[in-house]
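Structure file data09.cif (mmCIF, C-alpha atoms) is printed below.
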```
data_structure
loop_
_atom_site.label_atom_id
_atom_site.label_comp_id
_atom_site.auth_asym_id
_atom_site.auth_seq_id
_atom_site.Cartn_x
_atom_site.Cartn_y
_atom_site.Cartn_z
CA MET A 1 -5.05 16.75 9.46
CA ARG A 2 -4.32 15.81 5.83
CA GLU A 3 -6.56 13.39 3.96
CA ILE A 4 -5.31 10.90 1.35
CA ASP A 5 -7.76 8.94 -0.73
CA SER A 6 -7.32 5.16 -0.79
CA ALA A 7 -7.67 5.17 -4.59
CA THR A 8 -4.52 7.30 -4.83
CA ILE A 9 -2.70 4.80 -2.64
CA ALA A 10 -3.82 1.88 -4.83
CA ASP A 11 -2.67 3.68 -7.98
CA THR A 12 0.71 4.42 -6.40
CA VAL A 13 1.27 0.83 -5.28
CA ALA A 14 0.36 -0.52 -8.74
CA ARG A 15 2.96 1.77 -10.29
CA LEU A 16 5.64 0.94 -7.71
CA CYS A 17 5.18 -2.82 -8.21
CA GLN A 18 6.02 -2.45 -11.89
CA GLU A 19 8.82 0.08 -11.48
CA ALA A 20 10.50 -2.10 -8.86
CA ALA A 21 10.27 -5.19 -11.06
CA TYR A 22 11.77 -3.49 -14.12
CA ASN A 23 14.40 -1.13 -12.70
CA LEU A 24 17.46 -2.02 -10.67
CA PRO A 25 18.28 0.95 -8.40
CA ASP A 26 21.14 3.17 -9.57
CA ASP A 27 23.22 2.49 -6.44
CA VAL A 28 23.03 -1.27 -7.05
CA VAL A 29 24.01 -0.86 -10.70
CA GLN A 30 26.98 1.26 -9.68
CA ALA A 31 27.97 -1.29 -7.03
CA LEU A 32 27.93 -4.06 -9.64
CA ARG A 33 30.09 -1.94 -11.96
CA SER A 34 32.56 -1.25 -9.16
CA ALA A 35 32.65 -4.97 -8.35
CA LEU A 36 33.41 -5.72 -12.00
CA ASP A 37 36.30 -3.24 -11.92
CA ARG A 38 37.79 -5.01 -8.87
CA GLU A 39 37.07 -8.58 -9.88
CA GLU A 40 39.93 -10.80 -11.06
CA SER A 41 38.18 -14.14 -11.63
CA PRO A 42 37.12 -14.58 -15.29
CA ARG A 43 34.01 -16.52 -14.30
CA ALA A 44 33.01 -13.92 -11.72
CA ARG A 45 33.55 -11.13 -14.24
CA HIS A 46 31.35 -12.97 -16.74
CA VAL A 47 28.54 -13.23 -14.18
CA LEU A 48 28.77 -9.54 -13.28
CA GLU A 49 28.74 -8.56 -16.96
CA MET A 50 25.60 -10.64 -17.49
CA LEU A 51 23.89 -9.06 -14.47
CA LEU A 52 24.61 -5.57 -15.77
CA GLU A 53 23.39 -6.49 -19.25
CA ASN A 54 20.25 -8.03 -17.76
CA ALA A 55 19.54 -4.85 -15.78
CA GLU A 56 19.87 -2.72 -18.90
CA ILE A 57 17.57 -4.99 -20.95
CA ALA A 58 14.95 -5.01 -18.17
CA ARG A 59 15.01 -1.22 -17.89
CA ARG A 60 14.88 -0.59 -21.62
CA ALA A 61 12.26 -3.23 -22.51
CA ARG A 62 10.22 -2.89 -19.30
CA VAL A 63 10.42 -6.56 -18.48
CA PRO A 64 11.12 -8.09 -15.05
CA LEU A 65 14.71 -8.27 -13.85
CA CYS A 66 13.98 -11.81 -12.68
CA GLN A 67 11.20 -14.31 -13.38
CA ASP A 68 10.61 -14.45 -9.62
CA THR A 69 8.78 -11.19 -9.04
CA GLY A 70 8.55 -12.06 -5.40
CA THR A 71 6.39 -11.55 -2.38
CA SER A 72 5.10 -7.97 -2.36
CA VAL A 73 6.52 -6.55 0.86
CA ILE A 74 5.21 -3.05 1.61
CA PHE A 75 6.79 -0.69 4.14
CA LEU A 76 4.62 2.21 5.26
CA GLU A 77 5.64 5.32 7.16
CA ILE A 78 2.36 6.98 8.09
CA GLY A 79 2.46 10.52 9.39
CA GLN A 80 0.34 10.90 12.50
CA GLU A 81 -1.40 13.88 10.86
CA VAL A 82 -2.61 11.72 7.94
CA HIS A 83 -6.10 10.34 7.56
CA VAL A 84 -6.72 7.72 4.86
CA ARG A 85 -10.15 7.96 3.28
CA GLY A 86 -11.18 4.35 2.69
CA ASP A 87 -9.67 0.99 3.63
CA LEU A 88 -5.86 1.24 3.65
CA THR A 89 -5.16 -2.51 3.62
CA GLU A 90 -7.64 -3.04 0.80
CA ALA A 91 -6.04 -0.21 -1.19
CA LEU A 92 -2.60 -1.80 -0.82
CA THR A 93 -3.97 -5.19 -1.84
CA GLN A 94 -5.78 -3.79 -4.87
CA GLY A 95 -2.66 -1.92 -5.90
CA VAL A 96 -0.57 -5.08 -5.84
CA ALA A 97 -3.18 -7.07 -7.77
CA ARG A 98 -3.49 -4.40 -10.44
CA GLY A 99 0.24 -3.78 -10.68
CA TYR A 100 1.01 -7.44 -11.22
CA ALA A 101 -1.77 -7.90 -13.76
CA GLU A 102 -0.98 -4.76 -15.76
CA GLY A 103 2.77 -5.41 -15.59
CA TYR A 104 2.50 -9.09 -16.58
CA LEU A 105 4.39 -10.05 -13.44
CA ARG A 106 4.45 -13.61 -12.14
CA ASN A 107 2.02 -14.46 -9.35
CA SER A 108 3.89 -16.38 -6.66
CA ILE A 109 1.69 -16.35 -3.54
CA VAL A 110 -0.19 -19.44 -2.32
CA ARG A 111 -3.10 -19.11 0.07
CA GLN A 112 -2.73 -22.09 2.42
CA PRO A 113 1.00 -22.42 3.14
CA PHE A 114 1.03 -25.85 4.79
CA SER A 115 -1.46 -27.85 2.71
CA ARG A 116 -3.07 -27.23 -0.70
CA ARG A 117 -0.89 -24.22 -1.61
CA VAL A 118 -3.30 -22.87 -4.22
CA ASN A 119 -2.01 -19.75 -6.00
CA THR A 120 -4.05 -16.66 -5.16
CA GLY A 121 -3.75 -15.57 -8.80
CA ASP A 122 -2.81 -11.93 -8.24
CA ASN A 123 0.21 -12.02 -5.90
CA THR A 124 -1.88 -10.88 -2.96
CA PRO A 125 -2.03 -10.45 -0.08
CA PRO A 126 1.04 -8.28 0.41
CA VAL A 127 3.13 -8.39 3.58
CA ILE A 128 2.72 -4.98 5.24
CA HIS A 129 5.00 -3.32 7.79
CA THR A 130 3.74 -0.06 9.31
CA GLU A 131 5.47 2.65 11.31
CA ILE A 132 3.78 5.77 12.68
CA VAL A 133 5.95 8.87 12.28
CA THR A 134 5.53 12.61 12.75
CA GLY A 135 4.20 14.75 9.92
CA ASP A 136 1.43 14.69 7.33
CA THR A 137 2.86 12.47 4.59
CA LEU A 138 2.53 8.81 3.70
CA LYS A 139 5.69 7.07 2.51
CA ILE A 140 5.19 3.81 0.62
CA THR A 141 8.01 1.42 -0.28
CA VAL A 142 7.32 -1.72 -2.31
CA MET A 143 9.93 -4.47 -2.19
CA PRO A 144 9.37 -7.53 -4.42
CA LYS A 145 11.26 -10.13 -2.34
CA GLY A 146 12.32 -13.24 -4.25
CA GLY A 147 11.83 -16.68 -2.74
CA GLY A 148 15.38 -17.91 -3.26
CA CYS A 149 16.95 -15.23 -1.09
CA GLU A 150 14.07 -15.07 1.41
CA ASN A 151 14.43 -18.81 2.04
CA MET A 152 17.94 -18.16 3.35
CA SER A 153 16.70 -15.91 6.21
CA ARG A 154 17.88 -17.03 9.63
CA LEU A 155 17.31 -16.06 13.27
CA ALA A 156 19.51 -16.80 16.27
CA ILE A 157 19.02 -15.89 19.91
CA LEU A 158 22.59 -15.66 21.07
CA LYS A 159 23.85 -15.55 24.63
CA PRO A 160 24.63 -11.94 25.58
CA GLY A 161 28.23 -12.93 26.29
CA GLU A 162 28.74 -13.93 22.65
CA GLY A 163 28.61 -10.24 21.79
CA LYS A 164 30.03 -8.76 18.61
CA GLN A 165 32.04 -11.86 17.74
CA GLY A 166 28.97 -14.07 17.99
CA VAL A 167 27.00 -11.72 15.74
CA SER A 168 29.81 -11.69 13.19
CA ASP A 169 30.28 -15.47 13.21
CA PHE A 170 26.54 -16.11 12.83
CA THR A 171 26.20 -13.66 9.94
CA VAL A 172 29.10 -15.17 8.01
CA LYS A 173 27.80 -18.70 8.68
CA VAL A 174 24.41 -17.77 7.22
CA VAL A 175 26.04 -16.45 4.04
CA GLU A 176 28.32 -19.47 3.69
CA GLU A 177 25.50 -21.98 4.17
CA ALA A 178 23.28 -20.08 1.73
CA ALA A 179 26.01 -20.35 -0.94
CA GLY A 180 24.47 -19.78 -4.39
CA ASN A 181 20.81 -20.09 -3.33
CA PRO A 182 20.21 -16.34 -2.82
CA CYS A 183 21.86 -15.48 -6.18
CA PRO A 184 24.89 -13.49 -5.03
CA PRO A 185 26.30 -10.92 -5.00
CA VAL A 186 23.88 -10.28 -2.17
CA ILE A 187 23.05 -7.44 0.14
CA VAL A 188 23.09 -8.69 3.72
CA GLY A 189 20.58 -7.22 6.15
CA VAL A 190 21.35 -7.78 9.83
CA GLY A 191 18.99 -6.91 12.68
CA ILE A 192 20.39 -6.96 16.22
CA GLY A 193 18.35 -6.56 19.39
CA GLY A 194 14.72 -6.07 20.25
CA THR A 195 12.86 -9.37 20.29
CA ALA A 196 12.90 -12.35 17.94
CA GLU A 197 10.35 -10.97 15.49
CA TYR A 198 11.71 -7.41 15.70
CA ALA A 199 15.26 -8.50 14.90
CA MET A 200 13.94 -10.14 11.71
CA TYR A 201 12.02 -6.98 10.82
CA LEU A 202 15.15 -4.88 11.31
CA ALA A 203 17.12 -7.25 9.09
CA LYS A 204 14.65 -6.80 6.26
CA LYS A 205 14.33 -3.06 6.78
CA ALA A 206 18.13 -2.80 6.56
CA LEU A 207 17.90 -3.91 2.92
CA LEU A 208 16.23 -0.60 2.05
CA ARG A 209 19.39 1.39 2.65
CA ARG A 210 21.38 2.58 -0.36
CA VAL A 211 24.52 0.60 -1.12
CA GLY A 212 27.44 2.44 0.42
CA ASP A 213 25.42 4.27 3.08
CA HIS A 214 26.42 3.22 6.59
CA ASN A 215 24.54 3.19 9.86
CA PRO A 216 24.89 6.64 11.50
CA ASP A 217 26.21 5.03 14.69
CA PRO A 218 30.03 4.80 14.31
CA GLU A 219 30.32 1.48 16.18
CA THR A 220 27.62 -0.11 14.03
CA ALA A 221 29.15 1.33 10.86
CA THR A 222 32.48 -0.27 11.79
CA LEU A 223 30.72 -3.59 12.28
CA GLU A 224 29.19 -3.27 8.80
CA GLU A 225 32.63 -2.75 7.26
CA GLU A 226 34.12 -5.68 9.16
CA LEU A 227 31.25 -7.97 8.19
CA LEU A 228 31.49 -7.03 4.52
CA GLU A 229 35.20 -7.82 4.55
CA ARG A 230 34.59 -11.20 6.21
CA VAL A 231 31.73 -12.11 3.88
CA ASN A 232 33.73 -11.29 0.75
CA ALA A 233 36.73 -13.18 2.15
CA THR A 234 34.67 -16.39 1.92
CA GLY A 235 35.45 -16.42 -1.80
CA LEU A 236 31.94 -17.56 -2.77
CA GLY A 237 31.71 -14.78 -5.33
CA PRO A 238 28.99 -13.99 -7.87
CA MET A 239 26.48 -16.86 -8.13
CA ALA A 240 28.90 -18.80 -5.86
CA TRP A 241 31.23 -19.43 -8.83
CA GLY A 242 34.16 -17.99 -6.91
CA GLY A 243 35.46 -14.45 -6.76
CA ARG A 244 35.92 -11.39 -4.60
CA THR A 245 32.33 -10.13 -4.56
CA THR A 246 29.97 -12.27 -2.49
CA ALA A 247 28.17 -9.21 -1.09
CA LEU A 248 27.74 -5.64 -2.29
CA ALA A 249 26.93 -4.39 1.21
CA VAL A 250 26.19 -5.46 4.77
CA ASN A 251 23.63 -3.19 6.44
CA VAL A 252 23.06 -3.47 10.19
CA GLU A 253 20.17 -2.06 12.22
CA THR A 254 20.03 -2.30 16.01
CA TYR A 255 17.51 -1.85 18.81
CA PRO A 256 17.79 -2.07 22.62
CA THR A 257 17.13 -5.54 23.98
CA HIS A 258 16.55 -7.51 27.19
CA ILE A 259 19.49 -8.08 29.57
CA ALA A 260 19.22 -11.84 28.99
CA SER A 261 18.91 -11.73 25.17
CA LEU A 262 20.91 -11.08 22.02
CA PRO A 263 18.55 -11.69 19.06
CA VAL A 264 20.20 -11.59 15.63
CA GLY A 265 18.28 -11.78 12.35
CA VAL A 266 19.89 -12.10 8.94
CA ASN A 267 17.97 -11.44 5.72
CA LEU A 268 19.69 -11.81 2.35
CA GLN A 269 18.74 -9.83 -0.74
CA CYS A 270 19.66 -11.19 -4.18
CA HIS A 271 21.53 -9.22 -6.83
CA SER A 272 18.12 -8.01 -8.07
CA ALA A 273 17.87 -5.76 -5.03
CA ARG A 274 14.54 -4.28 -6.07
CA PHE A 275 12.39 -1.69 -4.34
CA ARG A 276 10.68 1.57 -5.17
CA THR A 277 9.45 4.37 -2.91
CA ALA A 278 6.86 7.13 -3.24
CA GLU A 279 5.71 9.81 -0.84
CA LEU A 280 2.15 11.12 -0.85
#
```
Can you turn what I pasted into structure tokens?
Amino acid sequence: MREIDSATIADTVARLCQEAAYNLPDDVVQALRSALDREESPRARHVLEMLLENAEIARRARVPLCQDTGTSVIFLEIGQEVHVRGDLTEALTQGVARGYAEGYLRNSIVRQPFSRRVNTGDNTPPVIHTEIVTGDTLKITVMPKGGGCENMSRLAILKPGEGKQGVSDFTVKVVEEAAGNPCPPVIVGVGIGGTAEYAMYLAKKALLRRVGDHNPDPETATLEEELLERVNATGLGPMAWGGRTTALAVNVETYPTHIASLPVGVNLQCHSARFRTAEL
């Protein structure tokens, strides 16, 4: 059994909150550059050039990539041989509060969602997803998820007979109806199977994959390629100003499901596809 102190976890989360807000991942930067090389529309090229310039300024000056520094979504992979000394949830919450304060990041979370909507003042509480895995390490991923793209999330419970075509049509419809709201070029996360809430979790988890990395299942990888082609064929383009690059990637995760169900979740990530990971 390996012991990890909760103070170490809080320190790590505080650091990850700031690093994620300031630094666009290298794979996303490269995907934007590749999109610029392919793009023909002058307006789309101008948008992509601005996004790349913005990423460089944010990295160099250590300022947020976007004024919306998001909901703090934390993914945990906890080794079953790990024991946390102290309160894990409290450590994660303290880490977010300190990271946002020290990094001068905008606080966007309101406590009572359906009435007074008073800001909590420190971007807490985070949204926490936990998986138990083998081993003696703790993997922490912090994803600051912006409101504009999160608002475009959609869930459908399709009839099983709708199959692959139904999944494809629903995904493209979500992107088309979202238009410029999620600040494209987007990364599209698609979760297929499980139950209603698990499909939505898979869709968000799919956003953590590096741009260009496909699902290891060949059939699912083919679906990803087909969906990316269909999404980019919509012609929405960067910031929905027209162009060839509406999405940088479509990532699909699947899970077995009930014989009478075909749940499909779609979660869109904006061009500031921010997250940072640490392993303790």
Practice problem: Considering all atoms listed in the file, return as a PyMOL selection string whatever protein or nucleic-acid residues lie within 6 Å of stretch 3-9 of chain A, sequence-local ones (same chain, fewer than 2 positions apart) excluded. | Solution: chain A and resi 11-12+82-86+91
Quiz item: Which residue gives the smallest distance to A:Ala178 among A:Pro126, A:Gly148, A:Pro160, A:Gly193, with all atoms listed in the file counted?
Solution: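 Result for the nearest residue to A:Ala178: A:Gly148.
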Quiz item: For A:Gly212, which residue among A:Ala179, A:Phe114, A:Asn251, A:Ala10 is the nearest when counting only C-alpha atoms?
Solution: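 With only C-alpha atoms as the atom set, the closest residue is A:Asn251.
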Polymer residues at most 7 Å from A:Ala97, all atoms listed in the file, same-chain spacing of 2 or more positions, as a JSON list (two decimals) with C-alpha atoms, keeping the file's coordinate frame:
```json
[["chain", "number", "residue", "atom", "x", "y", "z"],
["A", 93, "THR", "CA", -3.97, -5.19, -1.84],
["A", 94, "GLN", "CA", -5.78, -3.79, -4.87],
["A", 95, "GLY", "CA", -2.66, -1.92, -5.90],
["A", 99, "GLY", "CA", 0.24, -3.78, -10.68],
["A", 100, "TYR", "CA", 1.01, -7.44, -11.22],
["A", 101, "ALA", "CA", -1.77, -7.90, -13.76],
["A", 122, "ASP", "CA", -2.81, -11.93, -8.24],
["A", 123, "ASN", "CA", 0.21, -12.02, -5.90],
["A", 124, "THR", "CA", -1.88, -10.88, -2.96]]
```
Quiz prompt | Length of the atom CA of A:Leu223 to atom CA of A:Ile74 vector [Å] | solution =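 Result for atom CA of A:Leu223 versus atom CA of A:Ile74: 27.7 Å, one decimal.
Between A:Ile157 and the residues A:Tyr198, A:Trp241, A:Tyr22, A:Tyr104, the shortest atom-to-atom distance, using all atoms listed in the file, involves A:Tyr198.
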Quiz prompt | Expansion of the PyMOL selection byres ((chain A and resi 253-259) around 10) into residues, as a ChimeraX atom specification | solution = /A:159-160,189-195,198-199,201-207,214-217,220-221,224,251-252,260-265
Practice problem: Figure out the distance between atom CA of A:Val175 and atom CA of A:Asn107, please, to one decimal in Å. | Solution: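 Value for the atom CA of A:Asn107-atom CA of A:Val175 distance: 27.6 Å.
Nearest to A:Pro185 of all the residues A:Ser72, A:Ser115, A:Ser168, A:Ser272 is A:Ser272, counting all atoms listed in the file.
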Quiz prompt | Hits of the PyMOL selection byres ((chain A and resi 239) around 6) in this structure, as a ChimeraX atom specification | solution = /A:180,183-184,238,240-241
Practice problem: Using all atoms listed in the file, pick whichever of A:Thr171, A:Asn23, A:Gln165, A:Ser34 has the shortest atom-to-atom distance to A:Leu248. | Solution: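 Smallest separation from A:Leu248 among the options: A:Ser34.
Atom CA of A:Met200 is found 16.4 Å from atom CA of A:Val172.
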Quiz item: Excluding same-chain residues fewer than 4 positions from A:Pro182, what lies within 10 Å of it counting only C-alpha atoms, as a list in words?
Solution: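 Once the adjacent positions are removed, what remains is Gly146, Gly147, Gly148, Cys149, Glu150, Asn151, Met152, Ser153, Val175, Ala178, Val186, Ile187, Met239, Ala240, Leu268, Gln269, Cys270 and His271 of chain A.
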Selection from above, C-alpha atoms, as a short mmCIF file (atom, residue, chain, number, x, y, z; two decimals), keeping the file's coordinate frame, can you write it?
```cif
data_model
loop_
_atom_site.label_atom_id
_atom_site.label_comp_id
_atom_site.auth_asym_id
_atom_site.auth_seq_id
_atom_site.Cartn_x
_atom_site.Cartn_y
_atom_site.Cartn_z
CA GLY A 146 12.32 -13.24 -4.25
CA GLY A 147 11.83 -16.68 -2.74
CA GLY A 148 15.38 -17.91 -3.26
CA CYS A 149 16.95 -15.23 -1.09
CA GLU A 150 14.07 -15.07 1.41
CA ASN A 151 14.43 -18.81 2.04
CA MET A 152 17.94 -18.16 3.35
CA SER A 153 16.70 -15.91 6.21
CA VAL A 175 26.04 -16.45 4.04
CA ALA A 178 23.28 -20.08 1.73
CA VAL A 186 23.88 -10.28 -2.17
CA ILE A 187 23.05 -7.44 0.14
CA MET A 239 26.48 -16.86 -8.13
CA ALA A 240 28.90 -18.80 -5.86
CA LEU A 268 19.69 -11.81 2.35
CA GLN A 269 18.74 -9.83 -0.74
CA CYS A 270 19.66 -11.19 -4.18
CA HIS A 271 21.53 -9.22 -6.83
#
```
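For the file at hand, the PyMOL selection byres ((chain A and resi 108) around 7) resolves to Gly70, Thr71, Arg106, Asn107, Ile109, Val110, Asn119 and Asn123 of chain A.
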Would you mind exporting the chosen residues as a PDB file, in the frame of the given file, restricted to C-alpha atoms?
```pdb
ATOM      1  CA  GLY A  70       8.550 -12.060  -5.400  1.00  0.00           C
ATOM      2  CA  THR A  71       6.390 -11.550  -2.380  1.00  0.00           C
ATOM      3  CA  ARG A 106       4.450 -13.610 -12.140  1.00  0.00           C
ATOM      4  CA  ASN A 107       2.020 -14.460  -9.350  1.00  0.00           C
ATOM      5  CA  ILE A 109       1.690 -16.350  -3.540  1.00  0.00           C
ATOM      6  CA  VAL A 110      -0.190 -19.440  -2.320  1.00  0.00           C
ATOM      7  CA  ASN A 119      -2.010 -19.750  -6.000  1.00  0.00           C
ATOM      8  CA  ASN A 123       0.210 -12.020  -5.900  1.00  0.00           C
TER       9      ASN A 123
END
```
Quiz prompt | Using only C-alpha atoms: which of A:Glu77, A:Glu177, A:Glu40, A:Glu102 has the shortest distance to A:Ile128 | solution =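 Looking at the shortest contact to A:Ile128, the residue is A:Glu77.
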Quiz prompt | Spatial neighbours of A:Phe170, max dist 8 Å, all atoms listed in the file, sep filter under 4 positions, as a ChimeraX atom specification | solution = /A:156,166,174
Around all the atoms of stretch 20-36 of chain A listed in the file, with 8 Å of room on each side, what axis-aligned box do you get, giving centre and edge lengths in Å to one decimal, as JSON?
```
{"center_x": 21.8, "center_y": -1.3, "center_z": -10.3, "size_x": 39.1, "size_y": 24.9, "size_z": 23.7}
```
